[in-house]
Amino acid sequence: MFEKILVANRGEIAVRIIRSCREMGINTVAICSEADKDALHAQLADEAICIGPYSSKDSYLNMERILATAVATGADAIHPGFGFLSENSRFAALCERCGITFIGPSTESMENMGNKSKARNTMVKAGVPVIPGTEEPVIDASEGKAFADSIGYPVIIKAVSGGGGKGMRLVEQSEDFIEKFETAKRESKNAFGDDSMYIEKYIGSARHIEFQVLADKHGNIVHLGERDCTIQRRHQKMIEESPSVVLDDELRKEMGKAAVKAARAANYYSAGTIEFLLDSSNTFYFMEMNTRIQVEHPVTEMVTGVDLIKEMIRIADGQKLSIKQSGIKMRGHAIEFRINAESPENGFLPRPGKVTDLHFPGGNGIRIDSALFTGYKIPSFYDAMIAKVIVHGRDRKEAIDKMRSALGEVVITGDGLETNIDFLYELVCNEAFIKSDVEKINKMLEKMCR
Ligand code: ADP
């Protein structure tokens, strides 16, 4: 087993990884930017090395610095967390070249699934249902329009290298296609340095249902059930829960089987997520595969009792999966709400600041993943997500009751700091959320973002 793992990330996910390493008796190295010298991840790790200035490009995305730090500190593996370099196949390849294990899938799987167009084609070949769409990347707008006209509207334009909802546009009618295609393309070029696009039929009133998979290097693959992430703001997840209210055992089995098939087609090992869209007639389609740990992984951990980070580490070490499909049971109901430093009244604009008062709830079935502490100055250079509240109840009603109680207790105040806590509290009390009327919630969110 690894003796020392470098955690190439920051914030709550870095803290969460460090904690699992500690439990496993593995030493940790934190990297941080100059803006993060006092950050919790840097304090909790056995060693912390400041690798560069605040900008991500010079620190958390600086591959050479990170690898030099791993070599200098004698780390034998790197966990990338999510975001930053977690889906960068060049970084994974560089790790291997330096004799350092990348805790994630192979570079080939990352490349093949990271290109959404290639991923679609792999799934078609494997017999996993995909959304009707273009088979090859499209760069020319009129070519794209001809395709969209032929399958009929609405369609969704997506970036081949996309993520985080960027470079994505819904087009309701032919007249709007060219303009939306060009803006999506520009956005994609800016965000991902790639302006190849693909076009899919837009599936209305669909649920975003994703399956967590775990696969080892010996060909064993299991799924750990689904997460329902339909509640989104600007195509970005806000609330996630497991199980989904719309899946029964039979459909779960069928979609779980498709998820395992998808992972096998990707020659996958490590933890990964297969994202599906499920329409109102219970037909499901592969959307994409995320080749990393996800923000919302704790809801799966709460209902299955499996520590996904520990499993990723064991798999990277070459061990066989410690669990079989028949041993995975989903128990109760878990929900996650993301707390952001932002102002819901002002179009959700980021509002970081210094934390002066902090209180988190505790108790049975309440989990807080956060890197906050009193006196901490939240830097403005990174993501606005500052904490996750995850609850686990015997059923959805109990989970909602726990979330309401937990959110009602949270205090995060400070100089210049605003959060979405009150907004989330209103949401958990909202009749539409309680009834899981996700369409109504999403419409409300859309209105607030205008
Ligand atoms: P990203 O990787 O940028 O998050 P995804 O492909 O996962 O992009 O899509 C983000 C969200 O957009 C999905 O969760 C879903 O709600 C919506 N979406 C994506 N494709 C479609 C589609 N073809 N029809 C309807 N909604 C879609």
# chains A, B, ... in the order shown; residues from 1 in each chain; ligands from 1
call {"tool": "residues_around", "arguments": {"residues": "A:Glu64", "least_positions_apart": "3", "cutoff": "10 Å", "atoms": "only C-alpha atoms", "output": "VMD selection string"}}
result
chain A and resid 59 61 67 to 70 91 94 to 95
call {"tool": "residues_around", "arguments": {"residues": "A:Leu44", "least_positions_apart": "3", "cutoff": "8 Å", "atoms": "only C-alpha atoms", "output": "PDB file with C-alpha atoms, in the first residue's frame"}}
result
ATOM      1  CA  VAL A  15      -9.829  17.705   3.463  1.00  0.00           C
ATOM      2  CA  ILE A  18      -6.810  13.603   3.713  1.00  0.00           C
ATOM      3  CA  LEU A  40      -7.591  23.765   6.413  1.00  0.00           C
ATOM      4  CA  HIS A  41      -6.264  21.192   3.928  1.00  0.00           C
TER       5      HIS A  41
END
call {"tool": "residues_near_ligand", "arguments": {"ligand": "ligand 1", "cutoff": "10 Å", "atoms": "only C-alpha atoms and all ligand atoms", "output": "NGL selection string"}}
result
:A and (114 or 116 or 130-133 or 154-170 or 199-210 or 228-237 or 274-279 or 285-290 or 442)
call {"tool": "atom_distance", "arguments": {"atom1": "atom CA of A:Gly375", "atom2": "atom CA of A:Ile412"}}
result
11.1 Å
call {"tool": "select_by_dssp", "arguments": {"residues": "stretch 348-432 of chain A", "states": "alpha helix (DSSP H)", "output": "PDB file with N, CA, C and O atoms, in the first residue's frame"}}
result
ATOM      1  N   ARG A 396     -37.225   9.322   2.700  1.00  0.00           N
ATOM      2  CA  ARG A 396     -37.042  10.681   2.172  1.00  0.00           C
ATOM      3  C   ARG A 396     -37.610  11.724   3.120  1.00  0.00           C
ATOM      4  O   ARG A 396     -37.027  12.784   3.320  1.00  0.00           O
ATOM      5  N   LYS A 397     -38.742  11.414   3.722  1.00  0.00           N
ATOM      6  CA  LYS A 397     -39.369  12.383   4.629  1.00  0.00           C
ATOM      7  C   LYS A 397     -38.433  12.687   5.798  1.00  0.00           C
ATOM      8  O   LYS A 397     -38.217  13.834   6.167  1.00  0.00           O
ATOM      9  N   GLU A 398     -37.868  11.619   6.372  1.00  0.00           N
ATOM     10  CA  GLU A 398     -36.973  11.851   7.512  1.00  0.00           C
ATOM     11  C   GLU A 398     -35.721  12.628   7.075  1.00  0.00           C
ATOM     12  O   GLU A 398     -35.224  13.495   7.799  1.00  0.00           O
ATOM     13  N   ALA A 399     -35.231  12.315   5.865  1.00  0.00           N
ATOM     14  CA  ALA A 399     -34.050  13.034   5.362  1.00  0.00           C
ATOM     15  C   ALA A 399     -34.383  14.521   5.199  1.00  0.00           C
ATOM     16  O   ALA A 399     -33.581  15.392   5.562  1.00  0.00           O
ATOM     17  N   ILE A 400     -35.552  14.831   4.665  1.00  0.00           N
ATOM     18  CA  ILE A 400     -35.949  16.232   4.478  1.00  0.00           C
ATOM     19  C   ILE A 400     -36.078  16.925   5.839  1.00  0.00           C
ATOM     20  O   ILE A 400     -35.610  18.051   6.029  1.00  0.00           O
ATOM     21  N   ASP A 401     -36.690  16.236   6.798  1.00  0.00           N
ATOM     22  CA  ASP A 401     -36.819  16.813   8.149  1.00  0.00           C
ATOM     23  C   ASP A 401     -35.445  17.121   8.741  1.00  0.00           C
ATOM     24  O   ASP A 401     -35.232  18.152   9.374  1.00  0.00           O
ATOM     25  N   LYS A 402     -34.510  16.191   8.518  1.00  0.00           N
ATOM     26  CA  LYS A 402     -33.153  16.390   9.041  1.00  0.00           C
ATOM     27  C   LYS A 402     -32.473  17.561   8.344  1.00  0.00           C
ATOM     28  O   LYS A 402     -31.777  18.350   8.978  1.00  0.00           O
ATOM     29  N   MET A 403     -32.663  17.666   7.024  1.00  0.00           N
ATOM     30  CA  MET A 403     -32.038  18.751   6.269  1.00  0.00           C
ATOM     31  C   MET A 403     -32.579  20.096   6.750  1.00  0.00           C
ATOM     32  O   MET A 403     -31.827  21.058   6.923  1.00  0.00           O
ATOM     33  N   ARG A 404     -33.901  20.155   6.976  1.00  0.00           N
ATOM     34  CA  ARG A 404     -34.511  21.407   7.432  1.00  0.00           C
ATOM     35  C   ARG A 404     -33.921  21.805   8.785  1.00  0.00           C
ATOM     36  O   ARG A 404     -33.513  22.944   9.015  1.00  0.00           O
ATOM     37  N   SER A 405     -33.849  20.812   9.663  1.00  0.00           N
ATOM     38  CA  SER A 405     -33.319  21.072  10.995  1.00  0.00           C
ATOM     39  C   SER A 405     -31.839  21.466  10.922  1.00  0.00           C
ATOM     40  O   SER A 405     -31.396  22.424  11.570  1.00  0.00           O
ATOM     41  N   ALA A 406     -31.071  20.749  10.106  1.00  0.00           N
ATOM     42  CA  ALA A 406     -29.626  21.022   9.999  1.00  0.00           C
ATOM     43  C   ALA A 406     -29.378  22.409   9.412  1.00  0.00           C
ATOM     44  O   ALA A 406     -28.586  23.194   9.956  1.00  0.00           O
ATOM     45  N   LEU A 407     -30.062  22.726   8.310  1.00  0.00           N
ATOM     46  CA  LEU A 407     -29.835  24.033   7.670  1.00  0.00           C
ATOM     47  C   LEU A 407     -30.265  25.176   8.583  1.00  0.00           C
ATOM     48  O   LEU A 407     -29.665  26.245   8.583  1.00  0.00           O
ATOM     49  N   GLY A 408     -31.309  24.910   9.378  1.00  0.00           N
ATOM     50  CA  GLY A 408     -31.784  25.928  10.314  1.00  0.00           C
ATOM     51  C   GLY A 408     -30.750  26.251  11.381  1.00  0.00           C
ATOM     52  O   GLY A 408     -30.787  27.302  12.019  1.00  0.00           O
ATOM     53  N   GLU A 409     -29.818  25.337  11.592  1.00  0.00           N
ATOM     54  CA  GLU A 409     -28.809  25.507  12.635  1.00  0.00           C
ATOM     55  C   GLU A 409     -27.517  26.137  12.126  1.00  0.00           C
ATOM     56  O   GLU A 409     -26.754  26.713  12.905  1.00  0.00           O
ATOM     57  N   ILE A 421     -27.498  30.039   2.389  1.00  0.00           N
ATOM     58  CA  ILE A 421     -28.129  29.178   3.400  1.00  0.00           C
ATOM     59  C   ILE A 421     -29.625  29.466   3.542  1.00  0.00           C
ATOM     60  O   ILE A 421     -30.437  28.526   3.547  1.00  0.00           O
ATOM     61  N   ASP A 422     -30.011  30.736   3.641  1.00  0.00           N
ATOM     62  CA  ASP A 422     -31.435  31.055   3.795  1.00  0.00           C
ATOM     63  C   ASP A 422     -32.230  30.576   2.581  1.00  0.00           C
ATOM     64  O   ASP A 422     -33.346  30.074   2.703  1.00  0.00           O
ATOM     65  N   PHE A 423     -31.624  30.762   1.438  1.00  0.00           N
ATOM     66  CA  PHE A 423     -32.263  30.326   0.195  1.00  0.00           C
ATOM     67  C   PHE A 423     -32.473  28.802   0.195  1.00  0.00           C
ATOM     68  O   PHE A 423     -33.545  28.301  -0.151  1.00  0.00           O
ATOM     69  N   LEU A 424     -31.444  28.060   0.642  1.00  0.00           N
ATOM     70  CA  LEU A 424     -31.548  26.598   0.699  1.00  0.00           C
ATOM     71  C   LEU A 424     -32.603  26.184   1.730  1.00  0.00           C
ATOM     72  O   LEU A 424     -33.345  25.218   1.533  1.00  0.00           O
ATOM     73  N   TYR A 425     -32.662  26.938   2.827  1.00  0.00           N
ATOM     74  CA  TYR A 425     -33.652  26.624   3.870  1.00  0.00           C
ATOM     75  C   TYR A 425     -35.068  26.773   3.301  1.00  0.00           C
ATOM     76  O   TYR A 425     -35.923  25.916   3.503  1.00  0.00           O
ATOM     77  N   GLU A 426     -35.273  27.857   2.552  1.00  0.00           N
ATOM     78  CA  GLU A 426     -36.597  28.051   1.936  1.00  0.00           C
ATOM     79  C   GLU A 426     -36.911  26.916   0.965  1.00  0.00           C
ATOM     80  O   GLU A 426     -38.038  26.446   0.886  1.00  0.00           O
ATOM     81  N   LEU A 427     -35.877  26.478   0.269  1.00  0.00           N
ATOM     82  CA  LEU A 427     -36.046  25.408  -0.721  1.00  0.00           C
ATOM     83  C   LEU A 427     -36.461  24.097  -0.051  1.00  0.00           C
ATOM     84  O   LEU A 427     -37.362  23.392  -0.526  1.00  0.00           O
ATOM     85  N   VAL A 428     -35.820  23.777   1.060  1.00  0.00           N
ATOM     86  CA  VAL A 428     -36.119  22.491   1.711  1.00  0.00           C
ATOM     87  C   VAL A 428     -37.530  22.513   2.336  1.00  0.00           C
ATOM     88  O   VAL A 428     -38.126  21.460   2.554  1.00  0.00           O
ATOM     89  N   CYS A 429     -38.046  23.723   2.587  1.00  0.00           N
ATOM     90  CA  CYS A 429     -39.407  23.843   3.125  1.00  0.00           C
ATOM     91  C   CYS A 429     -40.441  23.961   2.006  1.00  0.00           C
ATOM     92  O   CYS A 429     -41.652  23.892   2.258  1.00  0.00           O
ATOM     93  N   GLU A 431     -42.967  23.337  -0.867  1.00  0.00           N
ATOM     94  CA  GLU A 431     -43.868  22.218  -1.165  1.00  0.00           C
ATOM     95  C   GLU A 431     -43.412  21.447  -2.413  1.00  0.00           C
ATOM     96  O   GLU A 431     -43.471  20.224  -2.463  1.00  0.00           O
ATOM     97  N   ALA A 432     -42.955  22.187  -3.423  1.00  0.00           N
ATOM     98  CA  ALA A 432     -42.529  21.541  -4.677  1.00  0.00           C
ATOM     99  C   ALA A 432     -41.333  20.623  -4.422  1.00  0.00           C
ATOM    100  O   ALA A 432     -41.259  19.519  -4.976  1.00  0.00           O
TER     101      ALA A 432
END
call {"tool": "closest_atom_pairs", "arguments": {"of": "stretch 43-109 of chain A", "to": "stretch 265-269 of chain A", "cutoff": "10 Å", "atoms": "only C-alpha atoms", "output": "JSON lines"}}
result
{"residue": "A:Ile103", "atom": "CA", "partner": "A:Tyr269", "partner_atom": "CA", "distance": 10.0}
{"residue": "A:Gly104", "atom": "CA", "partner": "A:Tyr269", "partner_atom": "CA", "distance": 7.3}
{"residue": "A:Pro105", "atom": "CA", "partner": "A:Tyr269", "partner_atom": "CA", "distance": 5.2}
{"residue": "A:Ser106", "atom": "CA", "partner": "A:Tyr269", "partner_atom": "CA", "distance": 7.3}
{"residue": "A:Glu108", "atom": "CA", "partner": "A:Asn267", "partner_atom": "CA", "distance": 8.5}
{"residue": "A:Ser109", "atom": "CA", "partner": "A:Ala266", "partner_atom": "CA", "distance": 5.7}
call {"tool": "closest_residue", "arguments": {"among": "A:Ala371, A:Ala148, A:Met110, A:Met238", "to": "A:Asp176", "atoms": "only C-alpha atoms"}}
result
A:Ala148
call {"tool": "atom_distance", "arguments": {"atom1": "atom CA of A:Asn420", "atom2": "atom CA of A:Val299"}}
result
20.2 Å
